[in-house]
Amino acid sequence: MDKNRIARQDDNTQWTKVITAKKRLMDLHLRDVWDYRYLIKMFIKRDFVVKYKQTVLGPIWYLVQPLVSSIMHMFVFGKMANLGTDGVPYILFYFAGTMLWTYFTNCLNSCSGTFSANQNIFGKVYFPRLTSPIASCGFHIITLAIQFMLLAAIFLYTVLVQKIAVHITLLALTFPLIVLWIGLLGGSLGLIISSLTTKYRDLNILLGFGIQLAMYATPVVYPLSEIPEKFSWLAYANPMCAPIEFFRMAFYGAGHLEPSMLFTSLGITAALTFFGLVLFSRNERNFVDVI
């Protein structure tokens with residue numbers, strides 16, 4: 001009698017979460033990612049505390065790093081190499097490029113180490129694995145926001161002193177899209193590299209070397225107008241050229257971006273995002289056995 005009562009109780013059990021094996025190529029469990037959004041917030045808070053827990057300046061490093069880099073670029077590329085800035089004051093031009101490039105590389109580097117950095121957690125506890133790279137990019141958005149406030153302060157000072165044009169409305173409409181655009185670029189490339197480095201560890205060495213070279217193929221320290229016509233195909237092949245130039249156009253009203261380059265970059269971003277999600281989805285099934 002007791003056994004039958006227990007059996008009936010088990011039949012009526014209502015499970016709040018059912019974990020099943022992935023069967024489809026793009027079975028990303030995006031609904032689970034939304035259900036675990038609190039975990040994304042916890043990961044962002046964890047990354048913030050771990051990175052600056054025992055530092056002297058703390059989050060002020062967010063401002064020191066791009067500011068010092070921008071000043072160095074001013075002297076090396078602005079004064080010594082005499083590269084143009086399309087009429088934009090040096091500090092504004094170089095700070096914007098450095099800020100956006102740093103955001104891109106941070107998203108790329110953090111997402112590229114998703115499996116190796118979280119292998120202990122991934123191997124023990126179930127949660128949507130996609131929450132980890134999303135949290136990493138979310139953490140870097142906070143960094144970008146802090147740096148942008150410094151850029152806005154410098155810009156306001158420059159407006160008052162040099163009386164340059166202001167394009168606040170256009171920037172307010174486009175800046176969130178640019179942040180999403182660059183975040184998808186860096187995050188999707190990171191997912192692709194993370195999926196490959198579980199088997200081929202030496203790709204991490206190539207990543208660091210490639211990022212250094214890629215900066216000089218991106219209009220971080222020079223405008224697109226400085227690229228010779230015969231090398232314009234490099235700007236089309238590099239999807240980071242368009243968002244950086246587009247930001248300067250929206251904020252400073254300087255520069256020029258061909259619509260074809262804009263749509264090419266958006267197309268590459270969409271393709272990389274799709275490819276990165278597919279690789280990540282396939283790799284998370286068996287990475288514990290490989291890593």
# chains A, B, ... in the order shown; residues from 1 in each chain; ligands from 1
call {"tool": "select_by_dssp", "arguments": {"residues": "region 27-266 of chain A", "states": "helix (DSSP H, G or I)", "output": "PyMOL selection string"}}
result
chain A and resi 30-35+37-52+58-80+90-112+114-117+119-122+131-162+168-197+203-216+224-226+229-237+241-252+259-266
call {"tool": "closest_residue", "arguments": {"among": "A:Phe175, A:Tyr90, A:Phe274, A:Tyr222", "to": "Leu189 (chain A)", "atoms": "only C-alpha atoms"}}
result
A:Phe274
call {"tool": "residues_around", "arguments": {"residues": "Gln212 (chain A)", "least_positions_apart": "5", "cutoff": "10 Å", "atoms": "only C-alpha atoms", "output": "ChimeraX atom specification"}}
result
/A:105,207,217
call {"tool": "closest_residue", "arguments": {"among": "A:Asn82, A:Tyr36, A:Met240, A:Asp47", "to": "Ala117 (chain A)", "atoms": "only C-alpha atoms"}}
result
A:Asp47
